[in-house]
Amino acid sequence: MFLLAAHDTAVLAIEFNITPEVPPGANGFLRILNWLLWGVLLACVAAIVLSGGKMGWEKWHQGATQAPKMLLGALAGAVVAGGANAILNAVTA
């Protein structure tokens with residue numbers, strides 16, 4: 001029984017050499033994704049600047065502090081967008 005299981009494992013361990021290929025027309029799609037990524041990153045930078053100004057305004061007027069949540073959200077969005085770019089570059093390379 002053990003020899004049969006070992007034989008099945010050896011058969012399943014066949015190595016496949018597959019080279020990925022970019023489908024036709026993918027360059028335009030990737031260009032649009034890169035533009036979208038730049039837009040998202042610019043929006044994150046704008047949100048960081050806006051949250052900094054809002055934080056100063058709230059500090060000056062002794063108001064409720066909503067700006068740190070906005071700042072953390074913008075930073076998290078920038079990290080996710082940057083990670084998506086790295087994943088996309090790794091897949092297409």
# chains A, B, ... in the order shown; residues from 1 in each chain; ligands from 1
call {"tool": "residues_around", "arguments": {"residues": "Leu37 (chain A)", "least_positions_apart": "2", "cutoff": "10 Å", "atoms": "only C-alpha atoms", "output": "list in words"}}
result
Arg31, Ile32, Leu33, Asn34, Trp35, Gly39, Val40, Leu41, Leu42, Ala43, Ala78, Ala81, Gly82, Ala84 and Asn85 of chain A
call {"tool": "select_by_dssp", "arguments": {"residues": "region 11-78 of chain A", "states": "helix (DSSP H, G or I)", "output": "ChimeraX atom specification"}}
result
/A:11-12,26-61,67-78
call {"tool": "write_last_selection", "arguments": {"atoms": "C-alpha atoms", "output": "compact mmCIF listing (two decimals), in the first residue's frame"}}
result
# COMPACT_ATOMS: atom_id res chain seq x y z
CA VAL A 11 3.54 10.63 -10.88
CA LEU A 12 1.91 13.79 -9.55
CA ALA A 26 -3.17 43.62 -23.40
CA ASN A 27 -0.80 46.56 -23.81
CA GLY A 28 -3.68 49.04 -24.07
CA PHE A 29 -5.34 47.53 -21.01
CA LEU A 30 -2.09 47.71 -19.04
CA ARG A 31 -1.63 51.35 -20.10
CA ILE A 32 -5.12 52.19 -18.78
CA LEU A 33 -4.35 50.38 -15.53
CA ASN A 34 -1.12 52.35 -15.12
CA TRP A 35 -2.99 55.63 -15.70
CA LEU A 36 -5.59 54.57 -13.16
CA LEU A 37 -2.83 53.76 -10.68
CA TRP A 38 -1.29 57.22 -11.14
CA GLY A 39 -4.72 58.76 -10.55
CA VAL A 40 -5.19 56.74 -7.37
CA LEU A 41 -1.75 57.66 -6.07
CA LEU A 42 -2.33 61.36 -6.82
CA ALA A 43 -5.68 61.15 -5.01
CA CYS A 44 -3.91 59.57 -2.02
CA VAL A 45 -1.33 62.37 -1.95
CA ALA A 46 -4.13 64.96 -2.18
CA ALA A 47 -5.98 63.22 0.68
CA ILE A 48 -2.82 63.23 2.81
CA VAL A 49 -2.31 66.97 2.22
CA LEU A 50 -6.01 67.66 2.87
CA SER A 51 -6.01 65.62 6.07
CA GLY A 52 -2.93 67.53 7.27
CA GLY A 53 -4.73 70.83 6.69
CA LYS A 54 -7.87 69.50 8.34
CA MET A 55 -5.82 68.29 11.32
CA GLY A 56 -4.37 71.79 11.75
CA TRP A 57 -7.83 73.36 11.40
CA GLU A 58 -9.32 71.02 14.00
CA LYS A 59 -6.43 71.68 16.37
CA TRP A 60 -6.85 75.44 15.96
CA HIS A 61 -10.60 75.35 16.59
CA ALA A 67 -8.43 63.93 10.29
CA PRO A 68 -6.32 61.03 11.68
CA LYS A 69 -8.83 58.53 10.27
CA MET A 70 -8.64 60.28 6.92
CA LEU A 71 -4.83 60.26 7.05
CA LEU A 72 -4.68 56.55 7.85
CA GLY A 73 -7.17 55.77 5.10
CA ALA A 74 -5.12 57.70 2.55
CA LEU A 75 -1.91 55.97 3.63
CA ALA A 76 -3.58 52.55 3.48
CA GLY A 77 -4.89 53.35 0.00
CA ALA A 78 -1.43 54.35 -1.16
call {"tool": "atom_distance", "arguments": {"atom1": "CA of Asn89 (chain A)", "atom2": "CA of Val22 (chain A)"}}
result
12.2 Å
call {"tool": "atom_distance", "arguments": {"atom1": "CA of Ala86 (chain A)", "atom2": "CA of Pro24 (chain A)"}}
result
21.8 Å
